[in-house]
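Participant: Sending over structure08.pdb (PDB, C-alpha atoms and all ligand atoms).
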MODEL        1
ATOM      1  CA  MET L   1      22.149  54.768  17.587
ATOM      2  CA  PRO L   2      20.527  54.957  21.080
ATOM      3  CA  ILE L   3      22.344  57.128  23.651
ATOM      4  CA  SER L   4      22.409  55.899  27.254
ATOM      5  CA  VAL L   5      23.538  57.581  30.445
ATOM      6  CA  VAL L   6      24.662  55.176  33.196
ATOM      7  CA  THR L   7      25.107  56.756  36.641
ATOM      8  CA  GLY L   8      27.502  54.694  38.745
ATOM      9  CA  GLY L   9      29.063  53.552  35.483
ATOM     10  CA  ALA L  10      32.426  52.814  37.142
ATOM     11  CA  GLY L  11      30.854  50.468  39.683
ATOM     12  CA  PHE L  12      30.534  46.701  39.584
ATOM     13  CA  LEU L  13      27.047  46.577  38.033
ATOM     14  CA  GLY L  14      27.260  49.896  36.185
ATOM     15  CA  SER L  15      30.377  48.834  34.291
ATOM     16  CA  HIS L  16      28.935  45.440  33.305
ATOM     17  CA  LEU L  17      25.739  47.149  32.164
ATOM     18  CA  THR L  18      27.842  49.618  30.155
ATOM     19  CA  ASP L  19      29.574  46.692  28.404
ATOM     20  CA  ARG L  20      26.235  45.188  27.495
ATOM     21  CA  LEU L  21      24.829  48.484  26.181
ATOM     22  CA  LEU L  22      27.921  49.009  24.002
ATOM     23  CA  GLN L  23      27.446  45.484  22.645
ATOM     24  CA  GLU L  24      23.822  46.342  21.865
ATOM     25  CA  GLY L  25      25.041  49.289  19.790
ATOM     26  CA  HIS L  26      24.359  52.099  22.289
ATOM     27  CA  GLN L  27      26.516  55.158  22.843
ATOM     28  CA  VAL L  28      27.195  55.298  26.581
ATOM     29  CA  VAL L  29      27.952  58.224  28.864
ATOM     30  CA  ALA L  30      29.070  56.814  32.233
ATOM     31  CA  ILE L  31      28.876  59.183  35.213
ATOM     32  CA  ASP L  32      30.594  58.411  38.517
ATOM     33  CA  ASN L  33      32.237  60.319  41.380
ATOM     34  CA  LEU L  34      34.435  57.261  42.080
ATOM     35  CA  ILE L  35      33.808  57.137  45.859
ATOM     36  CA  THR L  36      33.054  53.427  45.569
ATOM     37  CA  GLY L  37      33.368  53.016  41.800
ATOM     38  CA  ASN L  38      36.714  52.109  40.292
ATOM     39  CA  GLU L  39      38.278  53.791  37.302
ATOM     40  CA  ARG L  40      39.956  50.507  36.438
ATOM     41  CA  ASN L  41      36.532  49.127  35.502
ATOM     42  CA  LEU L  42      36.415  51.804  32.825
ATOM     43  CA  ASP L  43      39.943  51.257  31.499
ATOM     44  CA  LEU L  44      38.514  48.258  29.678
ATOM     45  CA  LEU L  45      36.088  50.578  27.866
ATOM     46  CA  GLY L  46      38.270  53.668  27.564
ATOM     47  CA  GLY L  47      39.196  53.034  23.958
ATOM     48  CA  HIS L  48      35.652  52.337  22.755
ATOM     49  CA  ALA L  49      34.541  54.952  20.239
ATOM     50  CA  ASN L  50      30.984  55.039  21.636
ATOM     51  CA  PHE L  51      32.010  55.477  25.268
ATOM     52  CA  ARG L  52      32.440  58.644  27.317
ATOM     53  CA  PHE L  53      33.155  59.116  31.044
ATOM     54  CA  LEU L  54      32.101  62.113  33.138
ATOM     55  CA  ARG L  55      33.493  62.396  36.658
ATOM     56  CA  HIS L  56      30.599  63.955  38.529
ATOM     57  CA  ASP L  57      28.599  63.565  41.740
ATOM     58  CA  VAL L  58      24.989  62.893  40.685
ATOM     59  CA  THR L  59      23.643  64.491  43.869
ATOM     60  CA  GLN L  60      24.631  67.783  42.125
ATOM     61  CA  PHE L  61      22.667  69.056  39.129
ATOM     62  CA  LEU L  62      23.224  66.738  36.167
ATOM     63  CA  GLU L  63      23.982  68.144  32.767
ATOM     64  CA  VAL L  64      24.553  66.042  29.670
ATOM     65  CA  GLU L  65      24.859  67.671  26.270
ATOM     66  CA  GLY L  66      22.783  66.490  23.344
ATOM     67  CA  ALA L  67      20.114  63.823  23.040
ATOM     68  CA  VAL L  68      19.658  61.042  25.609
ATOM     69  CA  ASP L  69      17.413  58.007  25.032
ATOM     70  CA  TYR L  70      17.920  56.086  28.285
ATOM     71  CA  VAL L  71      18.989  56.981  31.821
ATOM     72  CA  PHE L  72      20.094  54.016  33.959
ATOM     73  CA  HIS L  73      20.440  55.178  37.581
ATOM     74  CA  PHE L  74      22.958  52.812  39.199
ATOM     75  CA  ALA L  75      24.987  55.197  41.380
ATOM     76  CA  SER L  76      25.068  54.246  45.079
ATOM     77  CA  PRO L  77      27.287  52.684  47.687
ATOM     78  CA  ALA L  78      26.023  49.094  47.764
ATOM     79  CA  SER L  79      27.663  47.153  50.564
ATOM     80  CA  PRO L  80      26.778  47.260  54.266
ATOM     81  CA  ILE L  81      30.244  48.497  55.304
ATOM     82  CA  ASP L  82      30.021  51.276  52.726
ATOM     83  CA  TYR L  83      26.698  52.440  54.198
ATOM     84  CA  LEU L  84      28.364  52.612  57.609
ATOM     85  CA  GLU L  85      31.244  54.670  56.226
ATOM     86  CA  LEU L  86      29.168  56.784  53.834
ATOM     87  CA  PRO L  87      25.705  57.101  55.411
ATOM     88  CA  ILE L  88      24.939  60.639  54.242
ATOM     89  CA  GLN L  89      26.222  60.051  50.698
ATOM     90  CA  THR L  90      24.115  56.869  50.538
ATOM     91  CA  LEU L  91      20.975  58.777  51.544
ATOM     92  CA  LYS L  92      21.778  61.631  49.172
ATOM     93  CA  VAL L  93      22.447  59.548  46.083
ATOM     94  CA  GLY L  94      19.227  57.573  46.558
ATOM     95  CA  SER L  95      17.152  60.724  47.086
ATOM     96  CA  LEU L  96      18.777  63.809  45.477
ATOM     97  CA  GLY L  97      20.662  61.677  42.944
ATOM     98  CA  THR L  98      17.476  59.897  41.869
ATOM     99  CA  HIS L  99      15.680  63.233  41.600
ATOM    100  CA  ASN L 100      18.440  64.621  39.356
ATOM    101  CA  ALA L 101      18.558  61.465  37.215
ATOM    102  CA  LEU L 102      14.752  61.563  36.785
ATOM    103  CA  GLY L 103      14.978  65.270  35.980
ATOM    104  CA  LEU L 104      17.524  64.495  33.259
ATOM    105  CA  ALA L 105      15.264  61.764  31.815
ATOM    106  CA  LYS L 106      12.280  64.129  31.830
ATOM    107  CA  ALA L 107      14.200  66.992  30.216
ATOM    108  CA  LYS L 108      15.526  64.722  27.450
ATOM    109  CA  GLY L 109      12.347  62.684  26.958
ATOM    110  CA  ALA L 110      14.438  59.607  27.844
ATOM    111  CA  LYS L 111      13.361  56.286  29.325
ATOM    112  CA  PHE L 112      14.505  55.809  32.927
ATOM    113  CA  LEU L 113      15.528  52.652  34.798
ATOM    114  CA  LEU L 114      16.127  52.648  38.568
ATOM    115  CA  ALA L 115      18.489  50.141  40.183
ATOM    116  CA  SER L 116      16.517  49.297  43.301
ATOM    117  CA  THR L 117      17.153  46.461  45.699
ATOM    118  CA  SER L 118      15.907  43.476  47.653
ATOM    119  CA  GLU L 119      16.759  45.627  50.693
ATOM    120  CA  CYS L 120      13.367  47.281  50.112
ATOM    121  CA  TYR L 121      11.989  44.101  51.711
ATOM    122  CA  GLY L 122      14.222  44.583  54.796
ATOM    123  CA  ASP L 123      14.316  41.513  57.053
ATOM    124  CA  PRO L 124      11.399  39.896  55.214
ATOM    125  CA  LEU L 125       8.479  38.233  56.932
ATOM    126  CA  VAL L 126       7.273  36.809  53.602
ATOM    127  CA  HIS L 127       9.358  34.160  51.858
ATOM    128  CA  PRO L 128      10.289  34.040  49.022
ATOM    129  CA  GLN L 129       9.866  37.764  48.334
ATOM    130  CA  LYS L 130       7.317  38.840  45.726
ATOM    131  CA  GLU L 131       7.111  42.360  44.356
ATOM    132  CA  ASP L 132       3.790  43.041  46.108
ATOM    133  CA  TYR L 133       5.351  42.528  49.570
ATOM    134  CA  TRP L 134       5.852  45.925  51.265
ATOM    135  CA  GLY L 135       8.748  44.851  53.428
ATOM    136  CA  ASN L 136       9.964  44.957  56.990
ATOM    137  CA  VAL L 137      12.546  47.733  57.210
ATOM    138  CA  ASN L 138      14.038  49.417  60.268
ATOM    139  CA  PRO L 139      14.271  53.064  59.193
ATOM    140  CA  ILE L 140      16.706  54.084  61.954
ATOM    141  CA  GLY L 141      19.128  51.128  61.903
ATOM    142  CA  PRO L 142      22.534  51.224  60.184
ATOM    143  CA  ARG L 143      21.130  49.751  56.957
ATOM    144  CA  GLY L 144      18.199  52.169  57.005
ATOM    145  CA  VAL L 145      20.261  54.737  55.093
ATOM    146  CA  TYR L 146      20.348  52.444  52.064
ATOM    147  CA  ASP L 147      16.944  50.774  52.439
ATOM    148  CA  GLU L 148      15.032  54.011  52.944
ATOM    149  CA  ALA L 149      16.967  55.867  50.240
ATOM    150  CA  LYS L 150      16.028  53.145  47.757
ATOM    151  CA  ARG L 151      12.404  53.091  48.943
ATOM    152  CA  PHE L 152      12.291  56.857  48.499
ATOM    153  CA  ALA L 153      13.900  56.403  45.049
ATOM    154  CA  GLU L 154      11.115  53.980  44.071
ATOM    155  CA  ALA L 155       8.445  56.410  45.308
ATOM    156  CA  MET L 156      10.062  59.286  43.378
ATOM    157  CA  THR L 157      10.313  57.141  40.248
ATOM    158  CA  MET L 158       6.619  56.207  40.391
ATOM    159  CA  ALA L 159       5.723  59.884  40.998
ATOM    160  CA  TYR L 160       7.642  60.922  37.848
ATOM    161  CA  HIS L 161       5.920  58.134  35.974
ATOM    162  CA  ARG L 162       2.410  59.018  37.155
ATOM    163  CA  TYR L 163       2.683  62.791  37.320
ATOM    164  CA  HIS L 164       5.204  63.638  34.571
ATOM    165  CA  LYS L 165       4.461  60.567  32.400
ATOM    166  CA  VAL L 166       8.149  59.602  32.251
ATOM    167  CA  ASP L 167       8.635  56.050  30.933
ATOM    168  CA  THR L 168      10.181  54.488  34.041
ATOM    169  CA  LYS L 169      11.266  50.970  35.087
ATOM    170  CA  ILE L 170      12.321  49.664  38.511
ATOM    171  CA  VAL L 171      14.501  46.594  38.995
ATOM    172  CA  ARG L 172      14.860  45.117  42.486
ATOM    173  CA  ILE L 173      18.305  43.579  42.438
ATOM    174  CA  PHE L 174      19.084  40.616  44.721
ATOM    175  CA  ASN L 175      22.617  39.582  45.753
ATOM    176  CA  THR L 176      24.804  39.558  42.657
ATOM    177  CA  TYR L 177      28.415  38.478  42.212
ATOM    178  CA  GLY L 178      31.082  38.281  39.551
ATOM    179  CA  PRO L 179      34.333  39.781  38.295
ATOM    180  CA  ARG L 180      35.025  43.476  39.132
ATOM    181  CA  MET L 181      33.608  43.387  42.673
ATOM    182  CA  ARG L 182      35.913  45.257  45.034
ATOM    183  CA  LEU L 183      38.006  42.802  47.010
ATOM    184  CA  ARG L 184      37.485  44.785  50.215
ATOM    185  CA  ASP L 185      33.920  45.960  49.759
ATOM    186  CA  GLY L 186      32.901  43.794  52.727
ATOM    187  CA  ARG L 187      30.263  41.769  50.940
ATOM    188  CA  VAL L 188      30.291  38.066  51.482
ATOM    189  CA  VAL L 189      31.447  36.966  48.017
ATOM    190  CA  PRO L 190      34.667  39.032  47.795
ATOM    191  CA  ALA L 191      35.238  38.581  51.550
ATOM    192  CA  PHE L 192      35.190  34.766  51.450
ATOM    193  CA  ILE L 193      37.037  34.439  48.138
ATOM    194  CA  GLY L 194      39.738  36.915  49.226
ATOM    195  CA  GLN L 195      40.147  35.158  52.577
ATOM    196  CA  ALA L 196      40.278  31.708  50.951
ATOM    197  CA  LEU L 197      42.872  32.759  48.373
ATOM    198  CA  LYS L 198      45.088  34.341  51.038
ATOM    199  CA  GLY L 199      44.746  31.371  53.417
ATOM    200  CA  GLU L 200      43.022  33.556  56.025
ATOM    201  CA  PRO L 201      40.026  32.358  58.084
ATOM    202  CA  LEU L 202      36.598  32.754  56.470
ATOM    203  CA  THR L 203      34.552  35.142  58.643
ATOM    204  CA  VAL L 204      31.001  33.825  59.026
ATOM    205  CA  PHE L 205      28.776  36.374  60.756
ATOM    206  CA  GLY L 206      26.403  35.033  63.425
ATOM    207  CA  ASP L 207      25.524  31.331  63.289
ATOM    208  CA  GLY L 208      25.715  31.343  59.471
ATOM    209  CA  LYS L 209      22.138  30.074  59.178
ATOM    210  CA  GLN L 210      20.943  33.262  57.484
ATOM    211  CA  THR L 211      20.298  32.682  53.784
ATOM    212  CA  ARG L 212      21.045  34.519  50.547
ATOM    213  CA  SER L 213      20.499  33.710  46.861
ATOM    214  CA  PHE L 214      23.333  34.641  44.512
ATOM    215  CA  CYS L 215      22.942  35.708  40.886
ATOM    216  CA  PHE L 216      25.830  35.823  38.403
ATOM    217  CA  VAL L 217      26.335  39.286  36.940
ATOM    218  CA  SER L 218      25.766  38.329  33.277
ATOM    219  CA  ASP L 219      22.334  36.897  34.152
ATOM    220  CA  LEU L 220      21.456  40.018  36.113
ATOM    221  CA  VAL L 221      22.497  42.385  33.327
ATOM    222  CA  ASP L 222      20.465  40.365  30.827
ATOM    223  CA  GLY L 223      17.353  40.758  33.006
ATOM    224  CA  ILE L 224      17.970  44.493  33.338
ATOM    225  CA  TYR L 225      18.487  44.956  29.621
ATOM    226  CA  ARG L 226      15.231  43.102  28.883
ATOM    227  CA  LEU L 227      13.384  45.226  31.438
ATOM    228  CA  SER L 228      14.717  48.402  29.795
ATOM    229  CA  GLN L 229      13.173  47.246  26.509
ATOM    230  CA  SER L 230       9.789  46.368  28.073
ATOM    231  CA  ASN L 231       6.685  48.433  28.725
ATOM    232  CA  PHE L 232       6.351  47.412  32.349
ATOM    233  CA  HIS L 233       6.466  50.112  35.043
ATOM    234  CA  GLU L 234       6.067  48.304  38.356
ATOM    235  CA  PRO L 235       9.094  46.844  40.194
ATOM    236  CA  VAL L 236      10.540  43.564  38.915
ATOM    237  CA  ASN L 237      12.742  41.254  41.017
ATOM    238  CA  ILE L 238      15.864  40.072  39.230
ATOM    239  CA  GLY L 239      17.949  37.483  41.061
ATOM    240  CA  ASN L 240      18.683  33.794  41.284
ATOM    241  CA  PRO L 241      16.198  31.832  43.431
ATOM    242  CA  ARG L 242      18.762  29.203  44.465
ATOM    243  CA  GLU L 243      19.015  29.888  48.190
ATOM    244  CA  LEU L 244      21.705  28.695  50.576
ATOM    245  CA  THR L 245      22.863  29.442  54.081
ATOM    246  CA  ILE L 246      25.998  31.547  54.548
ATOM    247  CA  LEU L 247      27.647  28.540  56.198
ATOM    248  CA  GLU L 248      26.891  26.391  53.129
ATOM    249  CA  PHE L 249      28.216  29.203  50.991
ATOM    250  CA  ALA L 250      31.478  29.305  52.988
ATOM    251  CA  GLU L 251      31.872  25.535  52.501
ATOM    252  CA  ARG L 252      31.297  25.916  48.770
ATOM    253  CA  ILE L 253      34.044  28.564  48.543
ATOM    254  CA  ARG L 254      36.418  26.363  50.522
ATOM    255  CA  ARG L 255      35.797  23.458  48.174
ATOM    256  CA  LEU L 256      36.091  25.473  44.967
ATOM    257  CA  THR L 257      39.292  27.264  46.004
ATOM    258  CA  GLY L 258      40.810  24.191  47.686
ATOM    259  CA  THR L 259      41.861  26.405  50.620
ATOM    260  CA  LYS L 260      42.802  25.082  54.036
ATOM    261  CA  SER L 261      41.282  28.181  55.679
ATOM    262  CA  GLU L 262      39.199  27.579  58.793
ATOM    263  CA  ILE L 263      35.784  29.103  59.358
ATOM    264  CA  VAL L 264      35.615  31.602  62.248
ATOM    265  CA  ARG L 265      32.527  33.301  63.712
ATOM    266  CA  LYS L 266      32.105  37.053  63.959
ATOM    267  CA  PRO L 267      29.139  38.983  65.420
ATOM    268  CA  LEU L 268      26.074  39.303  63.208
ATOM    269  CA  PRO L 269      25.671  42.885  61.942
ATOM    270  CA  VAL L 270      22.624  44.818  63.208
ATOM    271  CA  ASP L 271      19.431  44.137  61.191
ATOM    272  CA  ASP L 272      21.129  41.524  58.991
ATOM    273  CA  PRO L 273      18.198  39.914  57.094
ATOM    274  CA  LYS L 274      17.630  36.289  58.148
ATOM    275  CA  GLN L 275      16.488  35.045  54.767
ATOM    276  CA  ARG L 276      16.349  36.236  51.194
ATOM    277  CA  GLN L 277      15.140  34.600  48.015
ATOM    278  CA  PRO L 278      13.549  36.298  45.013
ATOM    279  CA  ASP L 279      10.236  35.150  43.617
ATOM    280  CA  ILE L 280      10.934  35.631  39.892
ATOM    281  CA  THR L 281       7.499  34.694  38.537
ATOM    282  CA  ARG L 282       6.998  38.269  37.288
ATOM    283  CA  ALA L 283      10.367  38.441  35.466
ATOM    284  CA  LYS L 284       9.683  35.068  33.813
ATOM    285  CA  LYS L 285       6.250  36.133  32.662
ATOM    286  CA  ILE L 286       6.962  39.692  31.553
ATOM    287  CA  LEU L 287      10.548  39.470  30.355
ATOM    288  CA  GLY L 288      10.828  35.761  29.473
ATOM    289  CA  TRP L 289      13.891  35.867  31.730
ATOM    290  CA  GLU L 290      15.417  33.418  34.153
ATOM    291  CA  PRO L 291      19.011  32.950  35.325
ATOM    292  CA  LYS L 292      21.172  30.460  33.407
ATOM    293  CA  VAL L 293      24.548  30.428  35.154
ATOM    294  CA  VAL L 294      24.978  27.670  37.750
ATOM    295  CA  LEU L 295      26.463  28.956  41.040
ATOM    296  CA  GLU L 296      29.582  26.772  40.855
ATOM    297  CA  ASP L 297      30.405  27.953  37.305
ATOM    298  CA  GLY L 298      29.897  31.616  38.172
ATOM    299  CA  LEU L 299      31.999  31.223  41.314
ATOM    300  CA  ARG L 300      34.840  29.553  39.379
ATOM    301  CA  GLU L 301      34.944  32.509  36.995
ATOM    302  CA  THR L 302      34.813  34.972  39.899
ATOM    303  CA  ILE L 303      37.588  33.145  41.763
ATOM    304  CA  ARG L 304      39.807  33.252  38.645
ATOM    305  CA  TRP L 305      39.240  37.001  38.429
ATOM    306  CA  PHE L 306      40.093  37.576  42.096
ATOM    307  CA  GLU L 307      43.228  35.428  41.734
ATOM    308  CA  ALA L 308      44.418  37.831  39.061
ATOM    309  CA  ASN L 309      43.425  40.940  41.091
ATOM    310  CA  LEU L 310      44.410  40.105  44.668
ATOM    311  CA  ASP L 311      46.874  42.984  44.908
ATOM    312  CA  SER L 312      44.335  45.777  44.310
ATOM    313  CA  PRO L 313      44.664  48.846  46.596
ATOM    314  CA  ALA L 314      42.899  49.154  49.963
ATOM    315  CA  ARG L 315      39.497  50.660  49.135
ATOM    316  CA  LYS L 316      39.281  49.298  45.625
TER     317      LYS L 316
HETATM  318  N1  LIG T 401      28.616  37.829  55.799
HETATM  319  C1  LIG T 401      29.448  36.966  56.467
HETATM  320  N2  LIG T 401      30.800  37.204  56.449
HETATM  321  C2  LIG T 401      31.353  38.260  55.780
HETATM  322  C3  LIG T 401      30.500  39.134  55.072
HETATM  323  C4  LIG T 401      29.134  38.894  55.108
HETATM  324  O1  LIG T 401      28.998  35.992  57.085
HETATM  325  O2  LIG T 401      32.608  38.399  55.822
HETATM  326  C5  LIG T 401      27.166  37.561  55.802
HETATM  327  C6  LIG T 401      26.307  38.758  56.200
HETATM  328  O3  LIG T 401      26.127  38.806  57.596
HETATM  329  C7  LIG T 401      25.005  38.455  55.470
HETATM  330  C8  LIG T 401      25.466  37.720  54.217
HETATM  331  O4  LIG T 401      26.782  37.256  54.482
HETATM  332  O5  LIG T 401      24.186  37.597  56.236
HETATM  333  C9  LIG T 401      25.479  38.588  52.965
HETATM  334  O6  LIG T 401      26.146  39.762  53.287
HETATM  335  P1  LIG T 401      26.529  40.871  52.222
HETATM  336  O7  LIG T 401      27.280  41.930  52.955
HETATM  337  O8  LIG T 401      27.202  40.241  51.067
HETATM  338  O9  LIG T 401      25.163  41.458  51.662
HETATM  339  P2  LIG T 401      23.666  41.614  52.214
HETATM  340  O10 LIG T 401      22.927  40.542  51.516
HETATM  341  O11 LIG T 401      23.628  41.447  53.712
HETATM  342  O12 LIG T 401      23.298  42.986  51.797
ENDMDL
END
Kindly transcribe the structure held in the file into structure tokens.
Facilitator:
Amino acid sequence: MPISVVTGGAGFLGSHLTDRLLQEGHQVVAIDNLITGNERNLDLLGGHANFRFLRHDVTQFLEVEGAVDYVFHFASPASPIDYLELPIQTLKVGSLGTHNALGLAKAKGAKFLLASTSECYGDPLVHPQKEDYWGNVNPIGPRGVYDEAKRFAEAMTMAYHRYHKVDTKIVRIFNTYGPRMRLRDGRVVPAFIGQALKGEPLTVFGDGKQTRSFCFVSDLVDGIYRLSQSNFHEPVNIGNPRELTILEFAERIRRLTGTKSEIVRKPLPVDDPKQRQPDITRAKKILGWEPKVVLEDGLRETIRWFEANLDSPARK
């Protein structure tokens, strides 16, 4: 039975990935310091015989007893308001945390998979974004703490691959949504759904003409699992190429929830990317992967989940 370590295992993506690995017959050790992760995501798994949770900050030396076959490094704050609140932790988990996670993989002879991000492309001047685009990132802006940490993490991962011959993979994750997102994490999907369900105005930042492309979490996890089983070492974009403006997205949420909420404008955050759409040619070719869940279906499922979880505490 393969043994997998998932850093950030109590987070939105880490917990869904953990579910999938358990289904695939892995033993999973989830590691999380719970600064943005949520223990409630793990309650669902708590009783599983093949699941273990370690509360630990991965920027500190990582020790896991026994054999490890895979290390999935998913620990990081992941929403723009979290980077503003936790800038140093964000930089540390992408740099020191990645170093420790790679060190664990090397020591155990395990395969390693890095959760990287479309933020590596910054505010992209190439559209849609292909993996060979080097990006347009402001290193000293408020998002720089996340973007540069992840770019460093990619560089460190490739160095461990080339120099130490560790079997590494890098996934560049585009905007993803689904059940278990934190209601107040500030990202657009929980923000709009929460506002719509509570009858509050939907806060569109800027003129709402900036675009994003939203991938349902089950599709994303399937792409990541396939990548973990591949022999491909360069970055692979995983995301849904269906692109829409934030204003269109707000309208879609209004329609699907049936809310009477108005749309209000708020200032555009600094360095907010104007457009984002993954080119998934590489994932199709190498992994035989493409997303299957239609936006409206994924949103309906997400809305149902938020309806049942509207009372969650402030930071969760
Ligand atoms: N956004 C918005 N209203 C909100 C939250 C976000 O209009 O309440 C916009 C934000 O400015 C960005 C897009 O939605 O253009 C996606 O933001 P998110 O924080 O989800 O992630 P990003 O893709 O920027 O990392």
Participant: Report as CSV: every residue of chain L with an atom at most 7 Å from ligand LIG 401 (chain T), its closest pair of atoms, and their distance in Å to one decimal, counting only C-alpha atoms and all ligand atoms, with rows sorted by chain and ascending residue number.
Facilitator:
residue,atom,partner,partner_atom,distance
L:Ser79,CA,T:LIG401,O7,5.8
L:Pro80,CA,T:LIG401,O7,5.5
L:Asn175,CA,T:LIG401,O10,5.9
L:Gly186,CA,T:LIG401,C3,5.7
L:Arg187,CA,T:LIG401,O8,3.4
L:Val188,CA,T:LIG401,C3,3.8
L:Val189,CA,T:LIG401,O8,6.2
L:Ala191,CA,T:LIG401,O2,5.0
L:Phe192,CA,T:LIG401,O2,6.2
L:Leu202,CA,T:LIG401,O2,6.9
L:Thr203,CA,T:LIG401,O2,4.7
L:Val204,CA,T:LIG401,O1,3.5
L:Phe205,CA,T:LIG401,O1,3.7
L:Gly206,CA,T:LIG401,O1,6.9
L:Gly208,CA,T:LIG401,O1,6.2
L:Gln210,CA,T:LIG401,O5,5.6
L:Thr211,CA,T:LIG401,O5,6.7
L:Arg212,CA,T:LIG401,O10,6.4
L:Ile246,CA,T:LIG401,O4,5.8
L:Leu268,CA,T:LIG401,O3,5.6
L:Pro269,CA,T:LIG401,O3,6.0
L:Asp272,CA,T:LIG401,O5,5.7
L:Pro273,CA,T:LIG401,O5,6.5
L:Lys274,CA,T:LIG401,O5,7.0
Participant: Keeping only C-alpha atoms, write those residues as a compact mmCIF listing (two decimals), in the frame of the given file.
Facilitator:
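Resulting contents of selection16.txt:
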# COMPACT_ATOMS: atom_id res chain seq x y z
CA SER L 79 27.66 47.15 50.56
CA PRO L 80 26.78 47.26 54.27
CA ASN L 175 22.62 39.58 45.75
CA GLY L 186 32.90 43.79 52.73
CA ARG L 187 30.26 41.77 50.94
CA VAL L 188 30.29 38.07 51.48
CA VAL L 189 31.45 36.97 48.02
CA ALA L 191 35.24 38.58 51.55
CA PHE L 192 35.19 34.77 51.45
CA LEU L 202 36.60 32.75 56.47
CA THR L 203 34.55 35.14 58.64
CA VAL L 204 31.00 33.83 59.03
CA PHE L 205 28.78 36.37 60.76
CA GLY L 206 26.40 35.03 63.42
CA GLY L 208 25.72 31.34 59.47
CA GLN L 210 20.94 33.26 57.48
CA THR L 211 20.30 32.68 53.78
CA ARG L 212 21.04 34.52 50.55
CA ILE L 246 26.00 31.55 54.55
CA LEU L 268 26.07 39.30 63.21
CA PRO L 269 25.67 42.88 61.94
CA ASP L 272 21.13 41.52 58.99
CA PRO L 273 18.20 39.91 57.09
CA LYS L 274 17.63 36.29 58.15
Participant: Using all atoms listed in the file, which residue out of L:Thr98, L:Ser213, L:Thr302, L:Thr59 lies closest to Tyr160 in chain L?
Facilitator: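 Selected residue with least distance to Tyr160 in chain L: L:Thr98.
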Participant: Hey, which of L:Asp271, L:Glu251, L:Asp222, L:Glu63 ends up closest to Arg20 in chain L? Count all atoms listed in the file.
Facilitator: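 Looking at the shortest contact to Arg20 in chain L, the residue is L:Asp222.
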Participant: Counting only C-alpha atoms, which residues of range 127-238 of chain L sit at most 9 Å from some atom of range 24-45 of chain L, and what is each one's closest atom pair with its distance in Å to one decimal, listed by chain and rising residue number, as JSON lines?
Facilitator:
{"residue": "L:Arg180", "atom": "CA", "partner": "L:Asn41", "partner_atom": "CA", "distance": 6.9}
{"residue": "L:Arg182", "atom": "CA", "partner": "L:Asn38", "partner_atom": "CA", "distance": 8.4}
{"residue": "L:Asp185", "atom": "CA", "partner": "L:Thr36", "partner_atom": "CA", "distance": 8.6}
Participant: Could you tell me which residues the PyMOL selection byres (((chain L and resi 146) around 8) and not hetatm) grabs in this file, written as JSON, numbers by chain?
Facilitator: {"L": [78, 83, 87, 90, 91, 94, 119, 143, 144, 145, 147, 148, 149, 150]}
Participant: Using CA of Ile173 in chain L and CA of Glu307 in chain L as the two end points, give the distance in Å to one decimal.
Facilitator: 26.2 Å
Participant: Can you give me, as a VMD selection string, the residues this file yields under the PyMOL selection byres (((chain L and resi 103) around 12) and not hetatm)?
Facilitator: chain L and resid 58 to 64 71 73 96 to 102 104 to 112 156 to 157 159 to 161 164 166 168
